[in-house]
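*Asks:* My questions all concern the structure below.
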Amino acid sequence: MASILIADDEPRISGFVEKGLRAAGFATCVAATGPQALQLALTDEFDLLVLDVNLPGFDGFQVLEQLRGSGSRLPVIMLTARVELRDTIAGLEGGADDYLGKPFRFDELLARIRIRMRREDATSAPELTHGGLHLDVRTRRARIRDHAVELSAREFALAEELLRHAGQVLSREQLLSRVWGYDFDPGSNVADVYIGYLRQKLGAERIETVRGVGYRLV
């Protein structure tokens with residue numbers, strides 16, 4: 001049985017989410033503070049974290065920063081009333097897998113959790129390799145042959161998606177959906193910007209632009 005950690009200091013919200021998830025067949029645990037949430041998240045006993053931003057002790061962004069800084073790949077869905085664009089971007093850039101605003105519909109939260117769990121099950125290979133580029137998906141470390149490459153959480157996620165589909169063309173919309181997990185404006189250039197970052201770090205020749213379509217790892 002998959003186990004989900006719910007980090008929220010509002011008993012009404014955490015109780016509602018916990019009840020719904022248990023009815024859907026998940027085991028649950030609730031943390032009401034930032035330090036407690038981080039401590040539990042680092043135990044490797046959970047399959048996913050539902051994380052509020054406004055937590056006492058330290059906030060959800062700090063929990064996320066320390067969690068990713070530890071090397072943890074625990075999937076994180078942020079569930080919060082802070083829905084301004086800058087907060088959403090901060091969460092996603094900080095390593096959250098998805099970002100859902102309050103008020104929310106439980107059915108939507110459940111669907112996002114199930115999608116994320118399926119992705120984790122389908123992507124359990126510990127290391128990806130292509131053309132001398134190596135990604136360790138457990139430790140979130142990258143290297144080109146014997147040389148380590150420092151990647152941000154979002155850069156790593158983008159590189160991972162490209163490696164899992166090496167040789168295939170991925171559209172900007174596919175990258176936004178799979179890597180950012182959020183419905184950005186289709187006109188957004190965030191995917192192009194991060195492709196640029198990866199080219200600087202991994203080598204421009206590794207990522208091909210297919211004009212009018214998207215990008216391909218070659």
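Convention: chains lettered A, B, ... in structure tokens order; per-chain residue numbering from 1; ligands numbered from 1 as shown.
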Which residues, written as a PDB file with N, CA, C and O atoms, in the first residue's frame, have at least one atom at most 12 Å from range 138-149 of chain A, with only C-alpha atoms counted and residues fewer than 5 positions away on the same chain left out?
*Replies:*
```pdb
ATOM      1  N   ASP A  44      12.270   8.016   4.219  1.00  0.00           N
ATOM      2  CA  ASP A  44      12.089   7.068   3.106  1.00  0.00           C
ATOM      3  C   ASP A  44      10.926   6.118   3.347  1.00  0.00           C
ATOM      4  O   ASP A  44      10.844   5.050   2.736  1.00  0.00           O
ATOM      5  N   LEU A  67      14.785  19.216   1.500  1.00  0.00           N
ATOM      6  CA  LEU A  67      14.507  17.863   1.018  1.00  0.00           C
ATOM      7  C   LEU A  67      15.300  17.578  -0.254  1.00  0.00           C
ATOM      8  O   LEU A  67      15.979  16.549  -0.361  1.00  0.00           O
ATOM      9  N   ARG A  68      15.229  18.496  -1.214  1.00  0.00           N
ATOM     10  CA  ARG A  68      15.966  18.293  -2.468  1.00  0.00           C
ATOM     11  C   ARG A  68      17.473  18.415  -2.242  1.00  0.00           C
ATOM     12  O   ARG A  68      18.271  17.718  -2.880  1.00  0.00           O
ATOM     13  N   GLY A  69      17.870  19.277  -1.310  1.00  0.00           N
ATOM     14  CA  GLY A  69      19.289  19.416  -0.998  1.00  0.00           C
ATOM     15  C   GLY A  69      19.880  18.151  -0.422  1.00  0.00           C
ATOM     16  O   GLY A  69      21.089  17.901  -0.539  1.00  0.00           O
ATOM     17  N   SER A  70      19.049  17.331   0.194  1.00  0.00           N
ATOM     18  CA  SER A  70      19.517  16.065   0.769  1.00  0.00           C
ATOM     19  C   SER A  70      19.666  14.978  -0.292  1.00  0.00           C
ATOM     20  O   SER A  70      20.181  13.903  -0.014  1.00  0.00           O
ATOM     21  N   GLY A  71      19.188  15.265  -1.508  1.00  0.00           N
ATOM     22  CA  GLY A  71      19.222  14.275  -2.574  1.00  0.00           C
ATOM     23  C   GLY A  71      17.939  13.480  -2.707  1.00  0.00           C
ATOM     24  O   GLY A  71      17.837  12.601  -3.566  1.00  0.00           O
ATOM     25  N   SER A  72      16.937  13.773  -1.890  1.00  0.00           N
ATOM     26  CA  SER A  72      15.683  13.028  -1.928  1.00  0.00           C
ATOM     27  C   SER A  72      14.915  13.297  -3.224  1.00  0.00           C
ATOM     28  O   SER A  72      14.783  14.448  -3.646  1.00  0.00           O
ATOM     29  N   ARG A  73      14.382  12.218  -3.809  1.00  0.00           N
ATOM     30  CA  ARG A  73      13.545  12.332  -5.005  1.00  0.00           C
ATOM     31  C   ARG A  73      12.072  12.114  -4.672  1.00  0.00           C
ATOM     32  O   ARG A  73      11.263  11.845  -5.554  1.00  0.00           O
ATOM     33  N   LEU A  74      11.722  12.177  -3.413  1.00  0.00           N
ATOM     34  CA  LEU A  74      10.336  11.979  -3.013  1.00  0.00           C
ATOM     35  C   LEU A  74       9.432  12.919  -3.815  1.00  0.00           C
ATOM     36  O   LEU A  74       9.633  14.134  -3.789  1.00  0.00           O
ATOM     37  N   PRO A  75       8.430  12.392  -4.516  1.00  0.00           N
ATOM     38  CA  PRO A  75       7.523  13.274  -5.263  1.00  0.00           C
ATOM     39  C   PRO A  75       6.800  14.233  -4.318  1.00  0.00           C
ATOM     40  O   PRO A  75       6.344  13.831  -3.240  1.00  0.00           O
ATOM     41  N   GLY A  95      11.818  22.361  -7.064  1.00  0.00           N
ATOM     42  CA  GLY A  95      11.823  20.906  -7.147  1.00  0.00           C
ATOM     43  C   GLY A  95      10.495  20.235  -6.900  1.00  0.00           C
ATOM     44  O   GLY A  95      10.420  19.006  -6.863  1.00  0.00           O
ATOM     45  N   GLU A 120       6.324   7.449 -11.181  1.00  0.00           N
ATOM     46  CA  GLU A 120       7.411   6.921 -10.353  1.00  0.00           C
ATOM     47  C   GLU A 120       7.592   5.432 -10.593  1.00  0.00           C
ATOM     48  O   GLU A 120       8.704   4.932 -10.669  1.00  0.00           O
ATOM     49  N   THR A 123       9.388   4.815 -13.894  1.00  0.00           N
ATOM     50  CA  THR A 123      10.712   5.403 -14.078  1.00  0.00           C
ATOM     51  C   THR A 123      11.645   4.999 -12.951  1.00  0.00           C
ATOM     52  O   THR A 123      12.383   5.812 -12.421  1.00  0.00           O
ATOM     53  N   SER A 124      11.627   3.731 -12.585  1.00  0.00           N
ATOM     54  CA  SER A 124      12.372   3.290 -11.425  1.00  0.00           C
ATOM     55  C   SER A 124      13.818   2.900 -11.719  1.00  0.00           C
ATOM     56  O   SER A 124      14.553   2.527 -10.817  1.00  0.00           O
ATOM     57  N   ALA A 125      14.247   2.931 -12.993  1.00  0.00           N
ATOM     58  CA  ALA A 125      15.630   2.595 -13.315  1.00  0.00           C
ATOM     59  C   ALA A 125      16.566   3.555 -12.593  1.00  0.00           C
ATOM     60  O   ALA A 125      16.396   4.771 -12.676  1.00  0.00           O
ATOM     61  N   PRO A 126      17.592   3.036 -11.879  1.00  0.00           N
ATOM     62  CA  PRO A 126      18.429   3.915 -11.053  1.00  0.00           C
ATOM     63  C   PRO A 126      19.356   4.822 -11.840  1.00  0.00           C
ATOM     64  O   PRO A 126      19.727   5.888 -11.359  1.00  0.00           O
ATOM     65  N   GLU A 127      19.772   4.415 -13.047  1.00  0.00           N
ATOM     66  CA  GLU A 127      20.678   5.261 -13.825  1.00  0.00           C
ATOM     67  C   GLU A 127      20.299   5.247 -15.292  1.00  0.00           C
ATOM     68  O   GLU A 127      19.961   4.202 -15.854  1.00  0.00           O
ATOM     69  N   LEU A 128      20.378   6.418 -15.898  1.00  0.00           N
ATOM     70  CA  LEU A 128      20.118   6.570 -17.322  1.00  0.00           C
ATOM     71  C   LEU A 128      21.420   6.969 -17.996  1.00  0.00           C
ATOM     72  O   LEU A 128      22.162   7.813 -17.478  1.00  0.00           O
ATOM     73  N   THR A 129      21.688   6.379 -19.167  1.00  0.00           N
ATOM     74  CA  THR A 129      22.936   6.645 -19.875  1.00  0.00           C
ATOM     75  C   THR A 129      22.666   6.803 -21.358  1.00  0.00           C
ATOM     76  O   THR A 129      21.899   6.030 -21.946  1.00  0.00           O
ATOM     77  N   HIS A 130      23.295   7.801 -21.947  1.00  0.00           N
ATOM     78  CA  HIS A 130      23.181   7.991 -23.399  1.00  0.00           C
ATOM     79  C   HIS A 130      24.341   8.865 -23.863  1.00  0.00           C
ATOM     80  O   HIS A 130      24.520   9.982 -23.379  1.00  0.00           O
ATOM     81  N   GLY A 131      25.128   8.333 -24.781  1.00  0.00           N
ATOM     82  CA  GLY A 131      26.196   9.117 -25.390  1.00  0.00           C
ATOM     83  C   GLY A 131      27.192   9.720 -24.412  1.00  0.00           C
ATOM     84  O   GLY A 131      27.641  10.858 -24.600  1.00  0.00           O
ATOM     85  N   GLY A 132      27.530   8.983 -23.363  1.00  0.00           N
ATOM     86  CA  GLY A 132      28.484   9.486 -22.390  1.00  0.00           C
ATOM     87  C   GLY A 132      27.873  10.316 -21.283  1.00  0.00           C
ATOM     88  O   GLY A 132      28.556  10.697 -20.328  1.00  0.00           O
ATOM     89  N   LEU A 133      26.588  10.611 -21.387  1.00  0.00           N
ATOM     90  CA  LEU A 133      25.883  11.358 -20.345  1.00  0.00           C
ATOM     91  C   LEU A 133      25.221  10.365 -19.397  1.00  0.00           C
ATOM     92  O   LEU A 133      24.519   9.451 -19.836  1.00  0.00           O
ATOM     93  N   ARG A 154      15.290  21.541 -11.626  1.00  0.00           N
ATOM     94  CA  ARG A 154      14.516  21.610 -12.865  1.00  0.00           C
ATOM     95  C   ARG A 154      15.356  21.201 -14.072  1.00  0.00           C
ATOM     96  O   ARG A 154      14.865  20.536 -14.991  1.00  0.00           O
ATOM     97  N   GLU A 155      16.630  21.578 -14.068  1.00  0.00           N
ATOM     98  CA  GLU A 155      17.514  21.156 -15.152  1.00  0.00           C
ATOM     99  C   GLU A 155      17.656  19.633 -15.170  1.00  0.00           C
ATOM    100  O   GLU A 155      17.645  19.014 -16.239  1.00  0.00           O
ATOM    101  N   PHE A 156      17.780  19.041 -13.986  1.00  0.00           N
ATOM    102  CA  PHE A 156      17.910  17.586 -13.903  1.00  0.00           C
ATOM    103  C   PHE A 156      16.642  16.914 -14.435  1.00  0.00           C
ATOM    104  O   PHE A 156      16.707  15.939 -15.188  1.00  0.00           O
ATOM    105  N   ALA A 157      15.477  17.423 -14.038  1.00  0.00           N
ATOM    106  CA  ALA A 157      14.216  16.837 -14.483  1.00  0.00           C
ATOM    107  C   ALA A 157      14.084  16.917 -16.002  1.00  0.00           C
ATOM    108  O   ALA A 157      13.602  15.976 -16.651  1.00  0.00           O
ATOM    109  N   LEU A 158      14.524  18.041 -16.581  1.00  0.00           N
ATOM    110  CA  LEU A 158      14.456  18.191 -18.033  1.00  0.00           C
ATOM    111  C   LEU A 158      15.432  17.238 -18.721  1.00  0.00           C
ATOM    112  O   LEU A 158      15.078  16.569 -19.705  1.00  0.00           O
ATOM    113  N   ALA A 159      16.650  17.136 -18.189  1.00  0.00           N
ATOM    114  CA  ALA A 159      17.628  16.211 -18.759  1.00  0.00           C
ATOM    115  C   ALA A 159      17.138  14.771 -18.655  1.00  0.00           C
ATOM    116  O   ALA A 159      17.301  13.969 -19.587  1.00  0.00           O
ATOM    117  N   GLU A 160      16.502  14.432 -17.531  1.00  0.00           N
ATOM    118  CA  GLU A 160      15.975  13.080 -17.341  1.00  0.00           C
ATOM    119  C   GLU A 160      14.907  12.762 -18.385  1.00  0.00           C
ATOM    120  O   GLU A 160      14.887  11.668 -18.962  1.00  0.00           O
ATOM    121  N   LEU A 163      16.580  12.144 -21.709  1.00  0.00           N
ATOM    122  CA  LEU A 163      17.271  10.856 -21.755  1.00  0.00           C
ATOM    123  C   LEU A 163      16.302   9.692 -21.870  1.00  0.00           C
ATOM    124  O   LEU A 163      16.581   8.704 -22.549  1.00  0.00           O
ATOM    125  N   LEU A 198      20.791  23.723 -20.295  1.00  0.00           N
ATOM    126  CA  LEU A 198      21.350  22.379 -20.455  1.00  0.00           C
ATOM    127  C   LEU A 198      22.429  22.341 -21.537  1.00  0.00           C
ATOM    128  O   LEU A 198      23.441  21.648 -21.391  1.00  0.00           O
ATOM    129  N   ARG A 199      22.225  23.072 -22.609  1.00  0.00           N
ATOM    130  CA  ARG A 199      23.232  23.092 -23.669  1.00  0.00           C
ATOM    131  C   ARG A 199      24.553  23.661 -23.155  1.00  0.00           C
ATOM    132  O   ARG A 199      25.624  23.182 -23.511  1.00  0.00           O
ATOM    133  N   GLN A 200      24.462  24.678 -22.305  1.00  0.00           N
ATOM    134  CA  GLN A 200      25.676  25.258 -21.737  1.00  0.00           C
ATOM    135  C   GLN A 200      26.416  24.253 -20.857  1.00  0.00           C
ATOM    136  O   GLN A 200      27.649  24.221 -20.834  1.00  0.00           O
ATOM    137  N   LYS A 201      25.659  23.427 -20.135  1.00  0.00           N
ATOM    138  CA  LYS A 201      26.278  22.516 -19.180  1.00  0.00           C
ATOM    139  C   LYS A 201      26.627  21.149 -19.761  1.00  0.00           C
ATOM    140  O   LYS A 201      27.595  20.510 -19.322  1.00  0.00           O
ATOM    141  N   LEU A 202      25.837  20.685 -20.719  1.00  0.00           N
ATOM    142  CA  LEU A 202      26.032  19.337 -21.255  1.00  0.00           C
ATOM    143  C   LEU A 202      26.672  19.325 -22.636  1.00  0.00           C
ATOM    144  O   LEU A 202      27.120  18.274 -23.087  1.00  0.00           O
ATOM    145  N   GLY A 203      26.688  20.490 -23.296  1.00  0.00           N
ATOM    146  CA  GLY A 203      27.207  20.566 -24.654  1.00  0.00           C
ATOM    147  C   GLY A 203      26.089  20.845 -25.641  1.00  0.00           C
ATOM    148  O   GLY A 203      25.103  20.106 -25.686  1.00  0.00           O
ATOM    149  N   ARG A 206      24.520  18.150 -28.016  1.00  0.00           N
ATOM    150  CA  ARG A 206      23.728  17.018 -27.536  1.00  0.00           C
ATOM    151  C   ARG A 206      22.232  17.193 -27.771  1.00  0.00           C
ATOM    152  O   ARG A 206      21.494  16.216 -27.853  1.00  0.00           O
TER     153      ARG A 206
END
```
*Asks:* Could you please write out, as JSON, numbers by chain, every residue of range 11-211 of chain A that DSSP assigns to alpha helix (DSSP H)?
*Replies:* {"A": [11, 12, 13, 14, 15, 16, 17, 18, 19, 20, 21, 22, 23, 34, 35, 36, 37, 38, 39, 40, 41, 60, 61, 62, 63, 64, 65, 66, 67, 68, 69, 85, 86, 87, 88, 89, 90, 91, 92, 93, 106, 107, 108, 109, 110, 111, 112, 113, 114, 115, 116, 117, 118, 119, 120, 121, 122, 153, 154, 155, 156, 157, 158, 159, 160, 161, 162, 163, 164, 172, 173, 174, 175, 190, 191, 192, 193, 194, 195, 196, 197, 198, 199, 200, 201, 202]}
*Asks:* Which residue gives the smallest distance to Leu51 in chain A among A:Ala7, A:Val17, A:Glu84, A:Ala24, with only C-alpha atoms counted?
*Replies:* A:Ala7
*Asks:* Between A:Glu208, A:Glu18, A:Glu93, A:Glu108, which is the closest to Val190 in chain A once you count only C-alpha atoms?
*Replies:*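 Going through A:Glu208, A:Glu18, A:Glu93, A:Glu108 one by one, the smallest distance to Val190 in chain A is for A:Glu93.
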*Asks:* Would you work out the distance separating CA of Leu109 in chain A from CA of Gly57 in chain A, expressed in Å to one decimal?
*Replies:*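 Pair CA of Leu109 in chain A / CA of Gly57 in chain A returns 25.4 Å.
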*Asks:* From the set A:Leu135, A:Ala81, A:Leu162, A:Leu49, which residue has the shortest atom-to-atom contact distance to Ile13 in chain A, counting only C-alpha atoms?
*Replies:*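 Selected residue with least distance to Ile13 in chain A: A:Ala81.
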